[in-house]
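> Before we start, here is the structure in question, set down as structure tokens.
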Amino acid sequence: MSSTIIASVRGRRVWDSRGRPTVEAEVRLEGGARGIAIAPAGASTGSGEALDRRDGGTAFGGYDVKGAVASVNEEIAPRVTGMDAADQAVLDAALIALDGTPNKSRLGANATLAVSMAAAHAAAHANGKLLWKHVGGDGATLLPLPQIQILGGGAHAGRRVDIQDFLVICPAATSFAEALDWTAEVYRAAGGIMKDRGLLQGVADEGGWWPAFTANEQALETLVAAIERAGFKPGTQVAIALDIAATDFGKGGRYRLGLEGRELDTDGMIRMLLGWIDAYPIASIEDPLAEDDAAGFAAFTREVGGRIQVVGDDFLVTDAARVHEAAKAGAANTVLIKPNQRGTLTETKAAWEAAKEVGYAGIVSARSGETEDVTIVHLALGWGVGQLKVGSFARSERMAKWNEALRIEEGLGARARFAGGAVLGRSRR
Ligand SMILES: C=C(OP(=O)(O)O)C(=O)O
Ligand SMILES: [Mg+2]
């Protein structure tokens, strides 16, 4: 292994899949190894997330990141140069202390995360390995169950449908590659059905079809029809996963379904979702209620957590402390894991460790604003998380990740294990 002492850190402004600036960090080590990583960006964010540093003003809608790039070049670089990139915990602790705020608002989580991930890649390369192998060693052989968006809605498709993500999983597939094959057929079938019915408007932020529905349930009916048209058995072979992203249209126990022109309270939301679970082959629901509705989250989990996966995203914001609190209340049974919700790899991993401690499952997730960066694929594999949610076909920043997982599966050969449906979260009784 060559020297892992950091020789230089450089921040630069690059662009994400929504045409917004974002932060890339490049870390070079004394031994010559190099790591590059790019921060992603969310659109439907939880209030408890670490904050990106954005410039405001008029350029690029206020999304410019010159300040965050300056954080990397002027503050982080001088602080971490000379530190050991292989000691991620010490490096990340230095980033947290340098920022000095509870939510990375001074330096920006986009600045700290890009450096944290780039250092990890550099240390892996110095070790002659890709990140997943560096992080997980020989035991890292579990290919994640992919959760792939077929229809986009909510903040990712101009609020054309209230629900944000209509996704599928393939619990009966026998390999990652097979799960991707099956999902591609369902994606193609869904597009065909929508085109036939005059409901297709384009492609949403994460690559799912942008629909012109008049009711949320139309999306569920279309998904089932697509699974069948593609030749699969709904539920057993290919099942539905939803990200309701309820924080986006709910607050204080009131939920406004704009598409249908009606408002529901917490009980109404739970009853609506229970009806959908009875009527459609739904295996996983993310953020069924808003981030401020912990009691509703617990009530929903009590009802269905023994038979479907209940995922906390805006509700848990990749925060180990919140995972422990949620477990005490019996809210959710699965944690969505997004590195930029915390801003360092060490804190992100702590949330996954907390999930394992309390018996929750995990899903590593991309953001709706992405790039060619594939770090999350390596984390899902290296940490053995078992599920990965990235977005869909028709967008290359998504396919960069799915294709990286294909390469890793092929490289593992006979040692590769596919997570399948066994990894789905379930509440303990
Ligand atoms: C990926 C998601 O969207 P965003 O990145 O906009 O939060 C999500 O809500 O799970
Ligand atoms: Mg979500």
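How things are named: the first chain in the structure tokens is A, the next is B, and so on; residues count from 1 in each chain; ligands count from 1 in the order shown.
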Taking only C-alpha atoms and all ligand atoms into account, report as a PyMOL selection string which residues have an atom no farther than 6 Å from an atom of ligand 2.
chain A and resi 243+245+313
> Would you mind writing down, as a PyMOL selection string, each residue of region 363-402 of chain A that DSSP on the backbone assigns to alpha helix (DSSP H)?
chain A and resi 375-382+396-402
> Distance table requested - chain A against ligand 1, cut-off 10 Å, only C-alpha atoms and all ligand atoms: one row per qualifying residue with the closest atom pair and its distance in Å to one decimal, ordered by chain and rising residue number, as JSON lines.

{"residue": "A:Pro40", "atom": "CA", "partner": "ligand 1", "partner_atom_place_in_ligand_line": "5 (O)", "distance": 8.1}
{"residue": "A:Ala41", "atom": "CA", "partner": "ligand 1", "partner_atom_place_in_ligand_line": "5 (O)", "distance": 6.1}
{"residue": "A:Gly42", "atom": "CA", "partner": "ligand 1", "partner_atom_place_in_ligand_line": "5 (O)", "distance": 3.3}
{"residue": "A:Ala43", "atom": "CA", "partner": "ligand 1", "partner_atom_place_in_ligand_line": "6 (O)", "distance": 3.4}
{"residue": "A:Ser44", "atom": "CA", "partner": "ligand 1", "partner_atom_place_in_ligand_line": "6 (O)", "distance": 4.0}
{"residue": "A:Thr45", "atom": "CA", "partner": "ligand 1", "partner_atom_place_in_ligand_line": "7 (O)", "distance": 4.7}
{"residue": "A:Gly46", "atom": "CA", "partner": "ligand 1", "partner_atom_place_in_ligand_line": "7 (O)", "distance": 7.6}
{"residue": "A:Glu49", "atom": "CA", "partner": "ligand 1", "partner_atom_place_in_ligand_line": "7 (O)", "distance": 10.0}
{"residue": "A:Gly154", "atom": "CA", "partner": "ligand 1", "partner_atom_place_in_ligand_line": "6 (O)", "distance": 9.2}
{"residue": "A:Ala155", "atom": "CA", "partner": "ligand 1", "partner_atom_place_in_ligand_line": "6 (O)", "distance": 6.9}
{"residue": "A:His156", "atom": "CA", "partner": "ligand 1", "partner_atom_place_in_ligand_line": "6 (O)", "distance": 6.8}
{"residue": "A:Gln164", "atom": "CA", "partner": "ligand 1", "partner_atom_place_in_ligand_line": "9 (O)", "distance": 7.4}
{"residue": "A:Asp165", "atom": "CA", "partner": "ligand 1", "partner_atom_place_in_ligand_line": "8 (C)", "distance": 7.9}
{"residue": "A:Asp205", "atom": "CA", "partner": "ligand 1", "partner_atom_place_in_ligand_line": "6 (O)", "distance": 8.7}
{"residue": "A:Glu206", "atom": "CA", "partner": "ligand 1", "partner_atom_place_in_ligand_line": "1 (C)", "distance": 8.2}
{"residue": "A:Leu242", "atom": "CA", "partner": "ligand 1", "partner_atom_place_in_ligand_line": "10 (O)", "distance": 9.8}
{"residue": "A:Asp243", "atom": "CA", "partner": "ligand 1", "partner_atom_place_in_ligand_line": "10 (O)", "distance": 6.6}
{"residue": "A:Ile244", "atom": "CA", "partner": "ligand 1", "partner_atom_place_in_ligand_line": "9 (O)", "distance": 8.4}
{"residue": "A:Ala245", "atom": "CA", "partner": "ligand 1", "partner_atom_place_in_ligand_line": "9 (O)", "distance": 5.9}
{"residue": "A:Ala246", "atom": "CA", "partner": "ligand 1", "partner_atom_place_in_ligand_line": "9 (O)", "distance": 9.5}
{"residue": "A:Thr247", "atom": "CA", "partner": "ligand 1", "partner_atom_place_in_ligand_line": "9 (O)", "distance": 9.6}
{"residue": "A:Asp248", "atom": "CA", "partner": "ligand 1", "partner_atom_place_in_ligand_line": "9 (O)", "distance": 9.5}
{"residue": "A:Glu286", "atom": "CA", "partner": "ligand 1", "partner_atom_place_in_ligand_line": "10 (O)", "distance": 7.8}
{"residue": "A:Asp287", "atom": "CA", "partner": "ligand 1", "partner_atom_place_in_ligand_line": "9 (O)", "distance": 8.3}
{"residue": "A:Val311", "atom": "CA", "partner": "ligand 1", "partner_atom_place_in_ligand_line": "10 (O)", "distance": 9.8}
{"residue": "A:Gly312", "atom": "CA", "partner": "ligand 1", "partner_atom_place_in_ligand_line": "10 (O)", "distance": 9.3}
{"residue": "A:Asp313", "atom": "CA", "partner": "ligand 1", "partner_atom_place_in_ligand_line": "10 (O)", "distance": 6.3}
{"residue": "A:Asp314", "atom": "CA", "partner": "ligand 1", "partner_atom_place_in_ligand_line": "9 (O)", "distance": 7.2}
{"residue": "A:Val317", "atom": "CA", "partner": "ligand 1", "partner_atom_place_in_ligand_line": "7 (O)", "distance": 9.9}
{"residue": "A:Leu336", "atom": "CA", "partner": "ligand 1", "partner_atom_place_in_ligand_line": "10 (O)", "distance": 7.6}
{"residue": "A:Ile337", "atom": "CA", "partner": "ligand 1", "partner_atom_place_in_ligand_line": "10 (O)", "distance": 9.3}
{"residue": "A:Lys338", "atom": "CA", "partner": "ligand 1", "partner_atom_place_in_ligand_line": "1 (C)", "distance": 8.3}
{"residue": "A:Asn340", "atom": "CA", "partner": "ligand 1", "partner_atom_place_in_ligand_line": "5 (O)", "distance": 9.5}
{"residue": "A:Gln341", "atom": "CA", "partner": "ligand 1", "partner_atom_place_in_ligand_line": "7 (O)", "distance": 9.2}
{"residue": "A:Val364", "atom": "CA", "partner": "ligand 1", "partner_atom_place_in_ligand_line": "10 (O)", "distance": 9.9}
{"residue": "A:Ser365", "atom": "CA", "partner": "ligand 1", "partner_atom_place_in_ligand_line": "1 (C)", "distance": 6.4}
{"residue": "A:Ala366", "atom": "CA", "partner": "ligand 1", "partner_atom_place_in_ligand_line": "1 (C)", "distance": 5.6}
{"residue": "A:Arg367", "atom": "CA", "partner": "ligand 1", "partner_atom_place_in_ligand_line": "5 (O)", "distance": 3.2}
{"residue": "A:Ser368", "atom": "CA", "partner": "ligand 1", "partner_atom_place_in_ligand_line": "5 (O)", "distance": 3.8}
{"residue": "A:Gly369", "atom": "CA", "partner": "ligand 1", "partner_atom_place_in_ligand_line": "5 (O)", "distance": 6.3}
{"residue": "A:Glu370", "atom": "CA", "partner": "ligand 1", "partner_atom_place_in_ligand_line": "5 (O)", "distance": 8.5}
{"residue": "A:Lys389", "atom": "CA", "partner": "ligand 1", "partner_atom_place_in_ligand_line": "1 (C)", "distance": 7.7}
{"residue": "A:Val390", "atom": "CA", "partner": "ligand 1", "partner_atom_place_in_ligand_line": "1 (C)", "distance": 7.3}
{"residue": "A:Gly391", "atom": "CA", "partner": "ligand 1", "partner_atom_place_in_ligand_line": "1 (C)", "distance": 7.9}
> Name the residues of region 184-428 of chain A that fall into strand (DSSP E or B) according to DSSP on the backbone, using the chain letters and numbers of this document, as a PyMOL selection string.
chain A and resi 200-203+209-211+234+238-243+250-251+254-257+262-265+282-286+309-312+334-337+361-365+369+387-389+417-418
> May I ask which of the residues A:Leu220, A:Ala299, A:Ala279, A:Ala85 is the closest one to Ser3 (chain A), counting only C-alpha atoms?
A:Ala85
> Using only C-alpha atoms, can you tell me which of A:Ala86, A:Ala37, A:Val23, A:Ala419 comes closest to Met1 (chain A)?
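Result for the nearest residue to Met1 (chain A): A:Ala86.
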> So that I can check the surroundings of Leu200 (chain A), please list as a list in words every protein, DNA and RNA residue that reaches within 10 Å of it, counting only C-alpha atoms and ignoring chain neighbours fewer than 6 positions away.
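Counting only the stated atoms, we get Ala190, Gly191, Gly192, Ile193, Met194, Trp209, Trp210, Pro211, Ala212 and Phe213 of chain A.
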> Write out the residues from the selection above, keeping N, CA and C atoms, as an mmCIF file, in the first residue's frame.

data_model
loop_
_atom_site.group_PDB
_atom_site.id
_atom_site.type_symbol
_atom_site.label_atom_id
_atom_site.label_comp_id
_atom_site.auth_asym_id
_atom_site.auth_seq_id
_atom_site.Cartn_x
_atom_site.Cartn_y
_atom_site.Cartn_z
ATOM 1 N N ALA A 190 -44.437 -0.054 -18.993
ATOM 2 C CA ALA A 190 -45.165 1.084 -18.399
ATOM 3 C C ALA A 190 -45.195 2.247 -19.388
ATOM 4 N N GLY A 191 -44.064 2.511 -20.035
ATOM 5 C CA GLY A 191 -44.008 3.596 -21.017
ATOM 6 C C GLY A 191 -44.973 3.342 -22.162
ATOM 7 N N GLY A 192 -45.034 2.082 -22.614
ATOM 8 C CA GLY A 192 -45.928 1.718 -23.717
ATOM 9 C C GLY A 192 -47.388 1.918 -23.334
ATOM 10 N N ILE A 193 -47.747 1.472 -22.146
ATOM 11 C CA ILE A 193 -49.143 1.603 -21.694
ATOM 12 C C ILE A 193 -49.531 3.073 -21.608
ATOM 13 N N MET A 194 -48.631 3.863 -21.046
ATOM 14 C CA MET A 194 -48.961 5.286 -20.882
ATOM 15 C C MET A 194 -49.063 5.998 -22.232
ATOM 16 N N TRP A 209 -41.122 7.596 -15.782
ATOM 17 C CA TRP A 209 -42.006 8.317 -16.706
ATOM 18 C C TRP A 209 -42.743 9.430 -15.982
ATOM 19 N N TRP A 210 -42.906 10.541 -16.646
ATOM 20 C CA TRP A 210 -43.633 11.709 -16.102
ATOM 21 C C TRP A 210 -45.074 11.569 -16.581
ATOM 22 N N PRO A 211 -45.997 11.266 -15.660
ATOM 23 C CA PRO A 211 -47.355 10.902 -16.071
ATOM 24 C C PRO A 211 -48.333 12.069 -16.067
ATOM 25 N N ALA A 212 -49.452 11.883 -16.757
ATOM 26 C CA ALA A 212 -50.556 12.855 -16.738
ATOM 27 C C ALA A 212 -51.790 12.174 -16.156
ATOM 28 N N PHE A 213 -51.683 11.729 -14.906
ATOM 29 C CA PHE A 213 -52.813 11.043 -14.281
ATOM 30 C C PHE A 213 -53.786 12.049 -13.674
#
> Would you pick out the contacts of region 117-121 of chain A at 8 Å or less, using only C-alpha atoms, so that residues sharing its chain but fewer than 2 positions from it are not included, and give the list as a PDB file with N, CA and C atoms, in the first residue's frame?

ATOM      1  N   ALA A  25     -14.758  17.179  -5.210  1.00  0.00           N
ATOM      2  CA  ALA A  25     -13.487  17.267  -4.484  1.00  0.00           C
ATOM      3  C   ALA A  25     -12.520  16.240  -5.050  1.00  0.00           C
ATOM      4  N   GLU A  26     -11.262  16.647  -5.132  1.00  0.00           N
ATOM      5  CA  GLU A  26     -10.204  15.744  -5.598  1.00  0.00           C
ATOM      6  C   GLU A  26      -9.133  15.701  -4.519  1.00  0.00           C
ATOM      7  N   VAL A  27      -8.897  14.500  -4.012  1.00  0.00           N
ATOM      8  CA  VAL A  27      -7.903  14.322  -2.941  1.00  0.00           C
ATOM      9  C   VAL A  27      -6.724  13.540  -3.503  1.00  0.00           C
ATOM     10  N   ARG A  34      -5.192   8.885  -5.998  1.00  0.00           N
ATOM     11  CA  ARG A  34      -6.087  10.027  -6.142  1.00  0.00           C
ATOM     12  C   ARG A  34      -7.523   9.548  -5.970  1.00  0.00           C
ATOM     13  N   GLY A  35      -8.365  10.375  -5.382  1.00  0.00           N
ATOM     14  CA  GLY A  35      -9.793  10.064  -5.270  1.00  0.00           C
ATOM     15  C   GLY A  35     -10.614  11.277  -5.652  1.00  0.00           C
ATOM     16  N   ILE A  36     -11.700  11.026  -6.396  1.00  0.00           N
ATOM     17  CA  ILE A  36     -12.590  12.120  -6.799  1.00  0.00           C
ATOM     18  C   ILE A  36     -14.007  11.751  -6.387  1.00  0.00           C
ATOM     19  N   ALA A  37     -14.758  12.727  -5.872  1.00  0.00           N
ATOM     20  CA  ALA A  37     -16.166  12.471  -5.543  1.00  0.00           C
ATOM     21  C   ALA A  37     -16.967  13.758  -5.725  1.00  0.00           C
ATOM     22  N   ALA A  85      -5.701   9.746   5.023  1.00  0.00           N
ATOM     23  CA  ALA A  85      -6.990   9.492   4.356  1.00  0.00           C
ATOM     24  C   ALA A  85      -7.549   8.124   4.731  1.00  0.00           C
ATOM     25  N   ALA A  86      -6.686   7.229   5.190  1.00  0.00           N
ATOM     26  CA  ALA A  86      -7.152   5.879   5.546  1.00  0.00           C
ATOM     27  C   ALA A  86      -7.855   5.872   6.903  1.00  0.00           C
ATOM     28  N   GLN A  88     -10.661   7.311   8.249  1.00  0.00           N
ATOM     29  CA  GLN A  88     -11.874   8.063   7.901  1.00  0.00           C
ATOM     30  C   GLN A  88     -12.501   8.731   9.132  1.00  0.00           C
ATOM     31  N   LEU A 113     -19.023  16.534   2.439  1.00  0.00           N
ATOM     32  CA  LEU A 113     -19.253  15.181   1.914  1.00  0.00           C
ATOM     33  C   LEU A 113     -18.347  14.874   0.726  1.00  0.00           C
ATOM     34  N   ALA A 114     -18.192  15.851  -0.176  1.00  0.00           N
ATOM     35  CA  ALA A 114     -17.335  15.608  -1.354  1.00  0.00           C
ATOM     36  C   ALA A 114     -15.922  15.237  -0.896  1.00  0.00           C
ATOM     37  N   VAL A 115     -15.406  15.945   0.118  1.00  0.00           N
ATOM     38  CA  VAL A 115     -14.048  15.652   0.605  1.00  0.00           C
ATOM     39  C   VAL A 115     -14.012  14.303   1.323  1.00  0.00           C
ATOM     40  N   ALA A 123      -7.913   6.606  -0.491  1.00  0.00           N
ATOM     41  CA  ALA A 123      -7.325   5.584   0.394  1.00  0.00           C
ATOM     42  C   ALA A 123      -7.508   4.195  -0.216  1.00  0.00           C
ATOM     43  N   ALA A 124      -8.683   3.964  -0.817  1.00  0.00           N
ATOM     44  CA  ALA A 124      -8.928   2.660  -1.458  1.00  0.00           C
ATOM     45  C   ALA A 124      -7.944   2.437  -2.603  1.00  0.00           C
ATOM     46  N   HIS A 125      -7.745   3.459  -3.417  1.00  0.00           N
ATOM     47  CA  HIS A 125      -6.818   3.311  -4.554  1.00  0.00           C
ATOM     48  C   HIS A 125      -5.403   3.085  -4.069  1.00  0.00           C
ATOM     49  N   LEU A 130     -10.916  -0.988  -5.241  1.00  0.00           N
ATOM     50  CA  LEU A 130     -12.035  -0.067  -5.387  1.00  0.00           C
ATOM     51  C   LEU A 130     -12.676   0.089  -4.006  1.00  0.00           C
ATOM     52  N   LEU A 131     -13.490   1.141  -3.878  1.00  0.00           N
ATOM     53  CA  LEU A 131     -13.979   1.507  -2.543  1.00  0.00           C
ATOM     54  C   LEU A 131     -14.751   0.378  -1.845  1.00  0.00           C
ATOM     55  N   THR A 344     -20.862  13.507   6.174  1.00  0.00           N
ATOM     56  CA  THR A 344     -19.605  12.739   6.213  1.00  0.00           C
ATOM     57  C   THR A 344     -19.953  11.246   6.129  1.00  0.00           C
ATOM     58  N   LEU A 345     -18.974  10.457   5.686  1.00  0.00           N
ATOM     59  CA  LEU A 345     -19.195   9.003   5.609  1.00  0.00           C
ATOM     60  C   LEU A 345     -19.316   8.386   6.993  1.00  0.00           C
ATOM     61  N   THR A 375     -20.239   6.532  -5.782  1.00  0.00           N
ATOM     62  CA  THR A 375     -19.814   6.166  -4.418  1.00  0.00           C
ATOM     63  C   THR A 375     -20.878   5.345  -3.687  1.00  0.00           C
TER      64      THR A 375
END
> Determine, counting only C-alpha atoms, which protein, DNA and RNA residues have an atom within 10 Å of an atom of region 268-278 of chain A; residues of the same chain fewer than 3 positions away are not included. Present the result as a list in words.
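Contacts, with the query itself left out: Glu217, Leu220, Ile240, Ile244, Ala246, Gly250, Gly253, Arg254, Tyr255, Arg256, Leu257, Glu263, Leu264, Asp265, Pro281, Ile282, Ala283, Ser284, Ile285, Pro288, Leu289, Gly296, Phe297, Ala299, Phe300, Thr301, Glu303, Val304 and Ile308 of chain A.
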> Would you list the contacts of Glu24 (chain A) as a list of chain:residue names, taking every protein, DNA or RNA residue within 7 Å and counting only C-alpha atoms, but skipping same-chain residues closer than 4 positions in sequence?
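Counting only the stated atoms, we get A:Gly11, A:Arg12, A:Arg13, A:Val14, A:Ala37, A:Ile38, A:Ala39, A:Ala114.
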> Between A:Phe249, A:Trp383, A:Tyr360, A:Trp402, which one has atoms that come closest to Val423 (chain A), using only C-alpha atoms?
A:Tyr360
> Residues within 12 Å of Met399 (chain A), please, as a ChimeraX atom specification. Count only C-alpha atoms; anything in the same chain fewer than 6 positions from it doesn't count.
/A:146,148,180,184,206-207,366,370-374,377,389-393,405-406
> Would you mind reading off the distance between CA of Ala77 (chain A) and CA of Arg10 (chain A), one decimal, in Å?
7.0 Å
